[in-house]
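Asker: This is the structure I have questions about; it appears just below.
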Amino acid sequence: MHRLSSHYILRRFKITSLFYLLVFLSLPFSVGFFAYGLYADDAAWMQYAGIALGSSLLLKILSVLMAGRVKCPLCMAAPLTNLGCAKHRSAQTLFGSHKLAVATSVLFEGKFRCPYCGETTAMQVRDRDGSRNLR
Ligand SMILES: [Zn+2]
């Protein structure tokens with residue numbers, strides 16, 4: 001299992017995954033607020049939908065900007081972006097998305113499997129002397 005080279009990259013992985021997950025969750029909420037606003041004919045719910053949609057758009061922009069700089073330590077591909085490259089034959093998906101599978105496993109399992117090379121990386125920083133950090 002591979003490890004990341006610095007705490008900076010580890011923090012960037014977690015923040016980008018959190019942003020991606022929030023975008024994934026906020027879009028259904030904004031659609032739900034909008035639909036309820038139409039159903040109840042209430043302008044306040046339309047404002048909530050606008051706020052949720054605007055915040056999800058902002059989070060999407062931030063996650064796209066950050067995701068290009070988060071790279072797999074083995075193949076140097078960005079697992080939270082869609083590069084258009086062929087995925088590994090055993091790449092995992094969640095609701096049909098490789099990026100969502102990577103983001104949820106980074107946040108909840110403490111590791112991820114790169115969809116491009118298929119190797120597993122722990123959300124841990126390797127020691128400077130090259131020894132394994134097995135804490
Ligand atoms: Zn990789």
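Simple scheme: letters A, B, ... for chains in structure tokens order, numbers from 1 for residues in each chain, numbers from 1 for ligands in the order shown.
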Kindly work out which residues sit at most 9 Å from ligand 1, using only C-alpha atoms and all ligand atoms, and give the list as an NGL selection string.
Answerer: :A and (71-79 or 113-121)
Asker: Can you build me a table of region 87-109 of chain A residues sitting at most 10 Å from region 7-24 of chain A, with the closest atom pair per residue and its distance in Å to one decimal, using only C-alpha atoms, sorted by chain and residue number, as JSON lines?
Answerer:
```
{"residue": "A:Lys99", "atom": "CA", "partner": "A:Tyr20", "partner_atom": "CA", "distance": 8.2}
{"residue": "A:Leu100", "atom": "CA", "partner": "A:Leu21", "partner_atom": "CA", "distance": 7.0}
{"residue": "A:Ala101", "atom": "CA", "partner": "A:Leu21", "partner_atom": "CA", "distance": 9.8}
{"residue": "A:Val102", "atom": "CA", "partner": "A:Ser17", "partner_atom": "CA", "distance": 7.8}
{"residue": "A:Ala103", "atom": "CA", "partner": "A:Ser17", "partner_atom": "CA", "distance": 4.4}
{"residue": "A:Thr104", "atom": "CA", "partner": "A:Ser17", "partner_atom": "CA", "distance": 7.1}
{"residue": "A:Ser105", "atom": "CA", "partner": "A:Ser17", "partner_atom": "CA", "distance": 9.0}
{"residue": "A:Val106", "atom": "CA", "partner": "A:Lys14", "partner_atom": "CA", "distance": 6.6}
{"residue": "A:Leu107", "atom": "CA", "partner": "A:Lys14", "partner_atom": "CA", "distance": 6.4}
```
Asker: Using only C-alpha atoms, please write the residues we just selected to a file, as an mmCIF file, in the first residue's frame.
Answerer:
```cif
data_model
loop_
_atom_site.group_PDB
_atom_site.id
_atom_site.type_symbol
_atom_site.label_atom_id
_atom_site.label_comp_id
_atom_site.auth_asym_id
_atom_site.auth_seq_id
_atom_site.Cartn_x
_atom_site.Cartn_y
_atom_site.Cartn_z
ATOM 1 C CA LYS A 99 -14.547 10.235 -8.421
ATOM 2 C CA LEU A 100 -17.330 9.763 -5.881
ATOM 3 C CA ALA A 101 -15.925 6.327 -4.970
ATOM 4 C CA VAL A 102 -12.475 7.866 -4.426
ATOM 5 C CA ALA A 103 -13.881 10.815 -2.411
ATOM 6 C CA THR A 104 -15.964 8.642 -0.078
ATOM 7 C CA SER A 105 -13.162 6.147 0.498
ATOM 8 C CA VAL A 106 -10.715 8.988 1.268
ATOM 9 C CA LEU A 107 -13.105 10.464 3.837
#
```
Asker: Within 8 Å of Arg3 (chain A), counting only C-alpha atoms, which residues qualify if same-chain residues fewer than 5 places away don't, as a list in words?
Answerer: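 After dropping sequence-adjacent residues, the list is Pro73, Thr121, Ala122, Met123, Gln124, Val125 and Arg126 of chain A.
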Asker: Please produce a file of those selected residues containing N, CA and C atoms, as a compact mmCIF listing (two decimals), in the first residue's frame.
Answerer:
```txt
# COMPACT_ATOMS: atom_id res chain seq x y z
N PRO A 73 0.20 8.87 -5.82
CA PRO A 73 1.65 8.85 -5.66
C PRO A 73 2.36 7.85 -6.58
N THR A 121 -3.78 3.48 -1.99
CA THR A 121 -2.96 4.44 -1.27
C THR A 121 -3.63 4.74 0.06
N ALA A 122 -2.86 4.63 1.14
CA ALA A 122 -3.38 4.97 2.47
C ALA A 122 -3.30 6.46 2.67
N MET A 123 -4.24 6.98 3.43
CA MET A 123 -4.21 8.41 3.76
C MET A 123 -3.28 8.62 4.94
N GLN A 124 -2.02 8.29 4.72
CA GLN A 124 -0.96 8.44 5.72
C GLN A 124 0.25 9.01 5.00
N VAL A 125 1.09 9.65 5.79
CA VAL A 125 2.30 10.24 5.24
C VAL A 125 3.45 9.28 5.50
N ARG A 126 4.25 9.00 4.48
CA ARG A 126 5.39 8.11 4.67
C ARG A 126 6.52 8.88 5.36
```
Asker: What is the CA of Ala49 (chain A) to CA of Ser63 (chain A) distance in Å?
Answerer: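 CA of Ser63 (chain A) lies 20.5 Å from CA of Ala49 (chain A).
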Asker: Could you pull out the helix (DSSP H, G or I) residues of chain A from DSSP and send them as a PyMOL selection string?
Answerer: chain A and resi 7-40+43-67+98-108
Asker: Could you dump the residues just selected with C-alpha atoms as a PDB file, in the first residue's frame?
Answerer:
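Once everything was written out, this is again25.pdb:
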```
ATOM      1  CA  HIS A   7       0.842  16.338   5.237  1.00  0.00           C
ATOM      2  CA  TYR A   8       0.069  19.141   2.796  1.00  0.00           C
ATOM      3  CA  ILE A   9      -0.995  16.648   0.113  1.00  0.00           C
ATOM      4  CA  LEU A  10      -2.938  14.629   2.692  1.00  0.00           C
ATOM      5  CA  ARG A  11      -4.888  17.726   3.765  1.00  0.00           C
ATOM      6  CA  ARG A  12      -5.520  18.665   0.129  1.00  0.00           C
ATOM      7  CA  PHE A  13      -6.883  15.153  -0.593  1.00  0.00           C
ATOM      8  CA  LYS A  14      -9.324  15.384   2.322  1.00  0.00           C
ATOM      9  CA  ILE A  15     -10.513  18.919   1.541  1.00  0.00           C
ATOM     10  CA  THR A  16     -11.012  18.157  -2.156  1.00  0.00           C
ATOM     11  CA  SER A  17     -12.911  14.971  -1.314  1.00  0.00           C
ATOM     12  CA  LEU A  18     -15.111  16.868   1.140  1.00  0.00           C
ATOM     13  CA  PHE A  19     -15.880  19.535  -1.479  1.00  0.00           C
ATOM     14  CA  TYR A  20     -16.707  16.874  -4.072  1.00  0.00           C
ATOM     15  CA  LEU A  21     -19.009  15.069  -1.648  1.00  0.00           C
ATOM     16  CA  LEU A  22     -20.754  18.335  -0.668  1.00  0.00           C
ATOM     17  CA  VAL A  23     -21.358  19.159  -4.338  1.00  0.00           C
ATOM     18  CA  PHE A  24     -22.820  15.703  -4.848  1.00  0.00           C
ATOM     19  CA  LEU A  25     -25.143  16.165  -1.850  1.00  0.00           C
ATOM     20  CA  SER A  26     -26.122  19.804  -2.420  1.00  0.00           C
ATOM     21  CA  LEU A  27     -27.457  19.371  -5.950  1.00  0.00           C
ATOM     22  CA  PRO A  28     -30.355  17.084  -4.906  1.00  0.00           C
ATOM     23  CA  PHE A  29     -31.134  19.434  -2.013  1.00  0.00           C
ATOM     24  CA  SER A  30     -31.334  22.450  -4.316  1.00  0.00           C
ATOM     25  CA  VAL A  31     -33.617  20.578  -6.725  1.00  0.00           C
ATOM     26  CA  GLY A  32     -35.762  19.460  -3.780  1.00  0.00           C
ATOM     27  CA  PHE A  33     -36.004  23.017  -2.401  1.00  0.00           C
ATOM     28  CA  PHE A  34     -36.925  24.303  -5.851  1.00  0.00           C
ATOM     29  CA  ALA A  35     -39.587  21.632  -6.357  1.00  0.00           C
ATOM     30  CA  TYR A  36     -41.068  22.273  -2.922  1.00  0.00           C
ATOM     31  CA  GLY A  37     -41.029  26.023  -3.602  1.00  0.00           C
ATOM     32  CA  LEU A  38     -43.004  25.452  -6.791  1.00  0.00           C
ATOM     33  CA  TYR A  39     -45.389  23.047  -5.045  1.00  0.00           C
ATOM     34  CA  ALA A  40     -46.023  25.296  -2.020  1.00  0.00           C
ATOM     35  CA  ALA A  43     -40.684  32.297  -2.512  1.00  0.00           C
ATOM     36  CA  ALA A  44     -38.563  31.525   0.565  1.00  0.00           C
ATOM     37  CA  TRP A  45     -37.958  27.964  -0.620  1.00  0.00           C
ATOM     38  CA  MET A  46     -36.939  29.333  -4.019  1.00  0.00           C
ATOM     39  CA  GLN A  47     -34.350  31.476  -2.226  1.00  0.00           C
ATOM     40  CA  TYR A  48     -33.105  28.394  -0.352  1.00  0.00           C
ATOM     41  CA  ALA A  49     -32.811  26.599  -3.692  1.00  0.00           C
ATOM     42  CA  GLY A  50     -30.838  29.509  -5.119  1.00  0.00           C
ATOM     43  CA  ILE A  51     -28.519  29.577  -2.112  1.00  0.00           C
ATOM     44  CA  ALA A  52     -27.976  25.807  -2.297  1.00  0.00           C
ATOM     45  CA  LEU A  53     -27.371  25.953  -6.048  1.00  0.00           C
ATOM     46  CA  GLY A  54     -24.980  28.892  -5.731  1.00  0.00           C
ATOM     47  CA  SER A  55     -23.012  27.256  -2.952  1.00  0.00           C
ATOM     48  CA  SER A  56     -22.810  23.995  -4.876  1.00  0.00           C
ATOM     49  CA  LEU A  57     -21.550  25.900  -7.921  1.00  0.00           C
ATOM     50  CA  LEU A  58     -18.902  27.617  -5.789  1.00  0.00           C
ATOM     51  CA  LEU A  59     -17.880  24.300  -4.214  1.00  0.00           C
ATOM     52  CA  LYS A  60     -17.739  22.700  -7.669  1.00  0.00           C
ATOM     53  CA  ILE A  61     -15.392  25.404  -8.932  1.00  0.00           C
ATOM     54  CA  LEU A  62     -13.188  25.039  -5.852  1.00  0.00           C
ATOM     55  CA  SER A  63     -13.126  21.242  -6.102  1.00  0.00           C
ATOM     56  CA  VAL A  64     -12.235  21.349  -9.822  1.00  0.00           C
ATOM     57  CA  LEU A  65      -9.426  23.815  -9.117  1.00  0.00           C
ATOM     58  CA  MET A  66      -8.062  21.692  -6.280  1.00  0.00           C
ATOM     59  CA  ALA A  67      -8.630  18.254  -7.830  1.00  0.00           C
ATOM     60  CA  HIS A  98     -15.202   6.850 -10.032  1.00  0.00           C
ATOM     61  CA  LYS A  99     -14.547  10.235  -8.421  1.00  0.00           C
ATOM     62  CA  LEU A 100     -17.330   9.763  -5.881  1.00  0.00           C
ATOM     63  CA  ALA A 101     -15.925   6.327  -4.970  1.00  0.00           C
ATOM     64  CA  VAL A 102     -12.475   7.866  -4.426  1.00  0.00           C
ATOM     65  CA  ALA A 103     -13.881  10.815  -2.411  1.00  0.00           C
ATOM     66  CA  THR A 104     -15.964   8.642  -0.078  1.00  0.00           C
ATOM     67  CA  SER A 105     -13.162   6.147   0.498  1.00  0.00           C
ATOM     68  CA  VAL A 106     -10.715   8.988   1.268  1.00  0.00           C
ATOM     69  CA  LEU A 107     -13.105  10.464   3.837  1.00  0.00           C
ATOM     70  CA  PHE A 108     -14.577   7.349   5.415  1.00  0.00           C
TER      71      PHE A 108
END
```
Asker: Between CA of Leu80 (chain A) and CA of Gly68 (chain A), what is the spacing in Å?
Answerer: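 These atoms are spaced 7.4 Å apart.
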Asker: Can you measure CA of Ala91 (chain A) to CA of Glu109 (chain A) for me? One decimal in Å is fine.
Answerer: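 Value for the CA of Ala91 (chain A)-CA of Glu109 (chain A) distance: 16.2 Å.
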Asker: To test your reading of the structure, identify every residue in chain A that backbone DSSP assigns to strand (DSSP E or B), and report it as a list of chain:residue names.
Answerer: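 Secondary structure check on chain A, strand (DSSP E or B): A:His2, A:Arg3, A:Leu4, A:Leu94, A:Ser97, A:Lys111, A:Phe112, A:Arg113, A:Thr120, A:Thr121, A:Ala122, A:Met123, A:Gln124, A:Val125.
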Asker: Now that the selection is made, can you save its residues with C-alpha atoms as a PDB file, in the first residue's frame?
Answerer:
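As written to disk, selection.pdb reads:
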```
ATOM      1  CA  HIS A   2       1.373   3.383  -0.993  1.00  0.00           C
ATOM      2  CA  ARG A   3       1.521   6.466   1.185  1.00  0.00           C
ATOM      3  CA  LEU A   4       1.489  10.182   0.506  1.00  0.00           C
ATOM      4  CA  LEU A  94     -20.231   4.598  -6.551  1.00  0.00           C
ATOM      5  CA  SER A  97     -18.862   7.710 -10.563  1.00  0.00           C
ATOM      6  CA  LYS A 111      -7.494   5.063   1.822  1.00  0.00           C
ATOM      7  CA  PHE A 112      -8.368   5.110  -1.851  1.00  0.00           C
ATOM      8  CA  ARG A 113      -7.875   2.917  -4.872  1.00  0.00           C
ATOM      9  CA  THR A 120      -4.304   1.401  -3.111  1.00  0.00           C
ATOM     10  CA  THR A 121      -2.957   4.436  -1.268  1.00  0.00           C
ATOM     11  CA  ALA A 122      -3.378   4.965   2.467  1.00  0.00           C
ATOM     12  CA  MET A 123      -4.213   8.413   3.759  1.00  0.00           C
ATOM     13  CA  GLN A 124      -0.960   8.443   5.715  1.00  0.00           C
ATOM     14  CA  VAL A 125       2.300  10.239   5.241  1.00  0.00           C
TER      15      VAL A 125
END
```
